[in-house]
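A.B. asks: Contents of start35.txt (compact mmCIF, C-alpha atoms) are given next:
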# COMPACT_ATOMS: atom_id res chain seq x y z
CA ALA A 1 -0.82 19.19 3.81
CA GLN A 2 -0.31 16.06 1.80
CA LYS A 3 2.47 13.88 3.05
CA ILE A 4 3.09 12.26 -0.32
CA THR A 5 2.65 14.17 -3.56
CA GLN A 6 2.73 12.62 -7.00
CA THR A 7 2.22 15.46 -9.44
CA GLN A 8 1.91 13.41 -12.62
CA PRO A 9 -1.54 11.83 -12.92
CA GLY A 10 -0.50 10.15 -16.16
CA MET A 11 2.62 9.66 -18.23
CA PHE A 12 3.54 8.12 -21.55
CA VAL A 13 6.88 6.59 -22.46
CA GLN A 14 8.16 4.88 -25.57
CA GLU A 15 9.10 1.27 -25.20
CA LYS A 16 12.82 0.80 -24.35
CA GLU A 17 13.12 4.39 -23.13
CA ALA A 18 13.72 5.41 -19.52
CA VAL A 19 11.07 7.21 -17.50
CA THR A 20 11.06 9.08 -14.19
CA LEU A 21 8.03 9.16 -11.94
CA ASP A 22 8.03 11.99 -9.43
CA CYS A 23 7.36 11.77 -5.72
CA THR A 24 7.83 14.40 -3.05
CA TYR A 25 7.18 13.88 0.61
CA ASP A 26 6.70 15.88 3.75
CA THR A 27 7.87 14.77 7.15
CA SER A 28 9.66 16.19 10.17
CA ASP A 29 10.73 12.77 11.37
CA PRO A 30 14.44 12.10 10.81
CA SER A 31 13.81 8.39 10.33
CA TYR A 32 11.44 7.29 7.60
CA GLY A 33 11.15 4.86 4.75
CA LEU A 34 10.00 5.40 1.20
CA PHE A 35 8.42 2.74 -0.96
CA TRP A 36 7.22 2.36 -4.53
CA TYR A 37 4.46 -0.02 -5.53
CA LYS A 38 3.13 -1.01 -8.93
CA GLN A 39 -0.54 -1.74 -9.54
CA PRO A 40 -1.27 -3.26 -12.95
CA SER A 41 -4.76 -3.36 -14.37
CA SER A 42 -5.29 -6.74 -12.71
CA GLY A 43 -5.36 -4.86 -9.40
CA GLU A 44 -2.67 -6.37 -7.22
CA MET A 45 -0.16 -4.14 -5.42
CA ILE A 46 3.42 -5.16 -6.16
CA PHE A 47 6.33 -3.91 -4.05
CA LEU A 48 9.13 -2.53 -6.22
CA ILE A 49 11.77 -0.74 -4.19
CA TYR A 50 12.58 0.73 -0.78
CA GLN A 51 14.75 3.63 0.39
CA GLY A 52 15.51 4.37 4.01
CA SER A 53 16.15 7.92 5.15
CA TYR A 54 19.58 7.00 6.47
CA ASP A 55 20.64 5.03 3.41
CA GLN A 56 23.71 6.60 1.87
CA GLN A 57 23.17 5.23 -1.61
CA ASN A 58 20.20 5.30 -3.92
CA ALA A 59 18.30 2.04 -3.96
CA THR A 60 18.29 -0.11 -7.08
CA GLU A 61 16.35 -3.24 -7.99
CA GLY A 62 16.91 -4.47 -11.52
CA ARG A 63 15.47 -1.90 -13.91
CA TYR A 64 14.13 0.18 -11.04
CA SER A 65 16.15 2.80 -9.23
CA LEU A 66 15.21 5.46 -6.76
CA ASN A 67 16.60 8.94 -7.17
CA PHE A 68 16.64 10.00 -3.53
CA GLN A 69 17.28 13.69 -2.87
CA LYS A 70 16.87 14.11 0.85
CA ALA A 71 17.30 17.87 1.03
CA ARG A 72 14.63 18.34 -1.61
CA LYS A 73 12.45 15.64 -0.04
CA SER A 74 12.03 13.83 -3.29
CA ALA A 75 12.15 10.13 -4.08
CA ASN A 76 11.64 9.71 -7.79
CA LEU A 77 11.35 6.29 -9.36
CA VAL A 78 13.39 5.69 -12.49
CA ILE A 79 12.45 2.81 -14.77
CA SER A 80 15.07 2.02 -17.36
CA ALA A 81 14.38 0.31 -20.69
CA SER A 82 10.59 0.46 -20.37
CA GLN A 83 8.61 -2.59 -21.35
CA LEU A 84 4.96 -2.95 -22.30
CA GLY A 85 4.40 -4.80 -19.05
CA ASP A 86 5.41 -1.69 -17.14
CA SER A 87 2.09 -0.06 -18.03
CA ALA A 88 0.40 0.33 -14.65
CA MET A 89 -0.37 2.69 -11.77
CA TYR A 90 2.64 3.50 -9.63
CA PHE A 91 2.29 4.55 -6.00
CA CYS A 92 4.83 6.24 -3.78
CA ALA A 93 4.41 5.63 -0.05
CA MET A 94 6.11 6.70 3.18
CA ARG A 95 6.45 5.20 6.62
CA GLU A 96 7.41 7.51 9.50
CA GLY A 97 8.54 7.02 13.04
CA ARG A 98 9.73 3.46 12.77
CA TYR A 99 13.31 4.00 13.86
CA SER A 100 12.60 6.78 16.31
CA GLY A 101 10.72 4.48 18.56
CA ALA A 102 7.26 5.71 17.79
CA GLY A 103 6.50 2.25 16.51
CA SER A 104 4.42 3.38 13.61
CA TYR A 105 4.16 0.75 10.95
CA GLN A 106 1.61 2.30 8.65
CA LEU A 107 2.18 3.61 5.15
CA THR A 108 0.83 6.82 3.69
CA PHE A 109 0.26 6.58 -0.05
CA GLY A 110 0.27 9.15 -2.80
CA LYS A 111 -2.50 9.28 -5.37
CA GLY A 112 -0.46 7.49 -7.98
CA THR A 113 0.81 8.00 -11.51
CA LYS A 114 -0.59 6.04 -14.42
CA LEU A 115 2.22 5.02 -16.75
CA SER A 116 1.46 3.95 -20.29
CA VAL A 117 4.23 2.37 -22.36
CA ILE A 118 3.83 2.91 -26.10
CA PRO A 119 5.14 0.27 -28.51
CA ASP B 1 6.30 -19.31 -0.48
CA ALA B 2 2.69 -18.26 -0.64
CA GLY B 3 1.97 -14.57 -0.54
CA VAL B 4 -0.85 -12.89 1.32
CA ILE B 5 -4.08 -14.74 0.65
CA GLN B 6 -7.44 -13.01 0.59
CA SER B 7 -10.91 -14.37 0.13
CA PRO B 8 -13.25 -13.92 -1.52
CA ARG B 9 -11.73 -12.19 -4.53
CA HIS B 10 -15.08 -10.73 -5.51
CA GLU B 11 -18.15 -10.15 -3.41
CA VAL B 12 -21.49 -8.78 -4.53
CA THR B 13 -24.07 -8.22 -1.85
CA GLU B 14 -27.16 -6.22 -1.15
CA MET B 15 -27.38 -3.24 1.13
CA GLY B 16 -27.93 -4.27 4.72
CA GLN B 17 -26.21 -7.62 4.44
CA GLU B 18 -23.21 -8.63 6.50
CA VAL B 19 -19.93 -9.00 4.64
CA THR B 20 -16.86 -10.79 5.94
CA LEU B 21 -13.50 -10.48 4.23
CA ARG B 22 -10.70 -12.86 5.10
CA CYS B 23 -6.93 -12.62 5.08
CA LYS B 24 -4.06 -15.00 5.67
CA PRO B 25 -0.76 -13.13 6.05
CA ILE B 26 2.62 -14.39 4.95
CA SER B 27 3.95 -16.94 7.41
CA GLY B 28 6.34 -15.32 9.89
CA HIS B 29 4.99 -11.83 9.41
CA ASN B 30 3.81 -10.15 12.61
CA SER B 31 2.08 -7.03 11.29
CA LEU B 32 -1.15 -7.04 9.32
CA PHE B 33 -2.90 -4.15 7.63
CA TRP B 34 -6.33 -3.62 6.10
CA TYR B 35 -6.62 -0.98 3.36
CA ARG B 36 -9.49 0.26 1.26
CA GLN B 37 -9.02 1.64 -2.26
CA THR B 38 -11.53 3.82 -4.08
CA MET B 39 -11.21 6.16 -7.01
CA MET B 40 -12.22 9.13 -4.90
CA ARG B 41 -10.09 8.55 -1.81
CA GLY B 42 -7.25 6.38 -3.08
CA LEU B 43 -5.64 3.94 -0.66
CA GLU B 44 -6.69 4.36 2.93
CA LEU B 45 -5.46 2.44 5.95
CA LEU B 46 -8.37 1.11 7.95
CA ILE B 47 -6.65 -0.75 10.77
CA TYR B 48 -3.43 -2.51 11.54
CA PHE B 49 -2.35 -5.21 13.94
CA ASN B 50 1.02 -5.96 15.42
CA ASN B 51 1.49 -9.38 17.02
CA ASN B 52 -2.28 -9.93 16.70
CA VAL B 53 -3.07 -6.78 18.70
CA PRO B 54 -4.92 -3.88 17.05
CA ILE B 55 -2.60 -0.89 17.16
CA ASP B 56 -4.51 1.79 15.28
CA ASP B 57 -8.09 1.59 14.11
CA SER B 58 -8.57 5.30 13.55
CA GLY B 59 -9.11 4.68 9.86
CA MET B 60 -12.15 2.49 10.38
CA PRO B 61 -15.01 4.48 8.88
CA GLU B 62 -17.63 3.79 11.50
CA ASP B 63 -19.01 1.23 13.87
CA ARG B 64 -20.30 -0.84 11.01
CA PHE B 65 -16.72 -1.93 10.41
CA SER B 66 -14.89 -4.33 12.69
CA ALA B 67 -11.69 -6.32 12.37
CA LYS B 68 -10.25 -9.23 14.29
CA MET B 69 -7.04 -11.17 14.31
CA PRO B 70 -7.59 -14.26 16.46
CA ASN B 71 -4.18 -15.71 15.62
CA ALA B 72 -1.05 -14.97 13.66
CA SER B 73 -2.32 -16.60 10.49
CA PHE B 74 -5.82 -15.20 10.11
CA SER B 75 -7.70 -11.93 10.14
CA THR B 76 -11.20 -10.83 9.22
CA LEU B 77 -12.76 -7.52 8.28
CA LYS B 78 -16.50 -7.42 8.79
CA ILE B 79 -19.01 -4.87 7.59
CA GLN B 80 -22.44 -5.03 9.16
CA PRO B 81 -24.73 -3.72 7.76
CA SER B 82 -23.15 -3.00 4.40
CA GLU B 83 -24.00 0.12 2.38
CA PRO B 84 -23.43 1.02 -1.28
CA ARG B 85 -20.73 3.51 -0.30
CA ASP B 86 -18.69 0.63 1.08
CA SER B 87 -18.10 -0.57 -2.48
CA ALA B 88 -14.35 -0.63 -2.96
CA VAL B 89 -11.34 -2.90 -3.23
CA TYR B 90 -10.17 -4.06 0.17
CA PHE B 91 -6.54 -5.05 0.51
CA CYS B 92 -4.83 -6.95 3.24
CA ALA B 93 -1.06 -6.55 3.63
CA SER B 94 1.49 -8.05 5.98
CA SER B 95 5.05 -7.29 7.02
CA PHE B 96 7.73 -8.52 9.36
CA SER B 97 8.32 -5.81 11.94
CA PRO B 98 11.01 -6.66 14.49
CA PRO B 99 11.62 -4.37 17.46
CA GLY B 100 14.76 -2.94 15.89
CA PRO B 101 15.31 -1.12 12.60
CA SER B 102 13.77 -2.86 9.63
CA THR B 103 12.39 -1.97 6.25
CA ASP B 104 8.96 -3.30 7.34
CA THR B 105 8.10 -3.81 3.71
CA GLN B 106 4.42 -4.51 3.33
CA TYR B 107 3.33 -7.20 0.92
CA PHE B 108 -0.19 -6.98 -0.37
CA GLY B 109 -2.77 -9.61 -1.09
CA PRO B 110 -4.70 -9.62 -4.38
CA GLY B 111 -7.58 -7.68 -2.84
CA THR B 112 -11.31 -8.27 -2.53
CA ARG B 113 -13.53 -6.28 -4.86
CA LEU B 114 -16.71 -5.55 -2.92
CA THR B 115 -19.87 -4.33 -4.59
CA VAL B 116 -22.82 -3.41 -2.43
CA LEU B 117 -26.03 -2.98 -4.40
Using structure tokens, write down the structure that the file contains.

C.D. replies:
Amino acid sequence: AQKITQTQPGMFVQEKEAVTLDCTYDTSDPSYGLFWYKQPSSGEMIFLIYQGSYDQQNATEGRYSLNFQKARKSANLVISASQLGDSAMYFCAMREGRYSGAGSYQLTFGKGTKLSVIP
Amino acid sequence: DAGVIQSPRHEVTEMGQEVTLRCKPISGHNSLFWYRQTMMRGLELLIYFNNNVPIDDSGMPEDRFSAKMPNASFSTLKIQPSEPRDSAVYFCASSFSPPGPSTDTQYFGPGTRLTVL
């Protein structure tokens, strides 16, 4: 079974509108971290936002926020006021076992969602 | 501060040749990761180091791949001999991973686009 599922291969959004990119995850570990990365056409991977499994509040970073629904195992990325520069691939990733002492530092990535912002 | 530095940015080589990719992690980071990205398989972790020690190399495709981290500021990924199916973008990432709870956020380098003809 996939650990990270991003069901939207591609999405379109009008400039200045908000958009939600979906991510569901699968883990039995009580301690995990969820990450979102942006990959523009230039190819670099840019860290956007992090949510820990024990965090009580949803993470926010500027125009990015993470809609974390633990019971549903979802960690959707919300981008407010979309800009043309937001056009890119977006990857959801998960790290398990870090706090439980397993010492795992690796990330498992989803397949990504390609976001296109329309002027 | 400088981010993760990778070299070369682009590499074109012929099948059978040795390829060496280089990475300088962010200063102070103690974990280093090598990923490969292809259209078919997405992002795959090849190997990661913690405090210069390889922790998990189960993602390394085969014996043709090897990675070293001789010190905290340098790592190499070597492919010998290279094959056309090795064509991909190779990313290096680093993070600060203390013993206690931490976000362990990984920061990626710009990647090396490898083409094996």

A.B. asks: Rank nothing, just name the residue among A:Val117, A:Ser82, A:Trp36, A:Glu96 nearest to A:Asp22, using only C-alpha atoms.

C.D. replies: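 Going through A:Val117, A:Ser82, A:Trp36, A:Glu96 one by one, the smallest distance to A:Asp22 is for A:Trp36.
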
A.B. asks: With only C-alpha atoms considered, list every residue of chain B at most 8 Å from chain A, as a list in words.

C.D. replies: Phe33, Gly42, Leu43, Glu44, Leu45, Tyr48, Ser97, Gly100, Pro101, Thr103, Asp104, Thr105, Gln106, Tyr107, Phe108, Gly109, Pro110 and Gly111 of chain B

A.B. asks: What's the separation between atom CA of B:Ser66 and atom CA of B:Met39, in Å to one decimal place?

C.D. replies: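 One can read the atom CA of B:Ser66 to atom CA of B:Met39 distance as 22.6 Å.
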
A.B. asks: One number please: atom CA of A:Pro119 to atom CA of A:Glu15, in Å, one decimal.

C.D. replies: 5.3 Å

A.B. asks: From the options B:Asn50, B:Ser87, B:Ser58, B:Ser75, which residue's atoms come nearest to B:Leu21, counting all atoms listed in the file?

C.D. replies: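 With all atoms listed in the file as the atom set, the closest residue is B:Ser75.
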
A.B. asks: Grab the atom CA of A:Glu61 to atom CA of A:Leu48 distance for me, in Å with one decimal place.

C.D. replies: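 Result for atom CA of A:Glu61 versus atom CA of A:Leu48: 7.5 Å, one decimal.
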
A.B. asks: Pick from A:Tyr90, A:Tyr54, A:Phe12, A:Phe68: nearest to A:Thr24, with all atoms listed in the file counted?

C.D. replies: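 Nearest to A:Thr24: A:Phe68.
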
A.B. asks: Find, counting all atoms listed in the file, the residue in B:Arg36, B:Arg64, B:Arg85, B:His29 that gets nearest to B:Asn52.

C.D. replies: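 Looking only at the distances to B:Asn52, the closest residue turns out to be B:His29.
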
A.B. asks: Applying 9 Å and all atoms listed in the file, which residues near B:Ser73 remain after dropping the ones on its own chain fewer than 6 positions away? List them as a PyMOL selection string.

C.D. replies: chain B and resi 23-29

A.B. asks: Hey, which of A:Thr27, A:Ser116, A:Gln57, A:Thr20 ends up closest to A:Ser80? Count all atoms listed in the file.

C.D. replies: A:Thr20

A.B. asks: Would you pick out the contacts of B:Asp63 at 10 Å or less, using only C-alpha atoms, so that residues sharing its chain but fewer than 2 positions from it are not included, and give the list as a VMD selection string?

C.D. replies: chain B and resid 60 to 61 65 to 66 79 to 81

A.B. asks: Compile the contact shell of A:Ser87 as a PyMOL selection string: residues with an atom at most 9 Å away, counting only C-alpha atoms, same-chain residues fewer than 3 positions apart removed.

C.D. replies: chain A and resi 40-41+82-84+114-118

A.B. asks: Up to 10 Å from (17.7, -4.1, -13.2) in the file's coordinates: name the residues, counting only C-alpha atoms, as a ChimeraX atom specification.

C.D. replies: /A:60-65,79-81
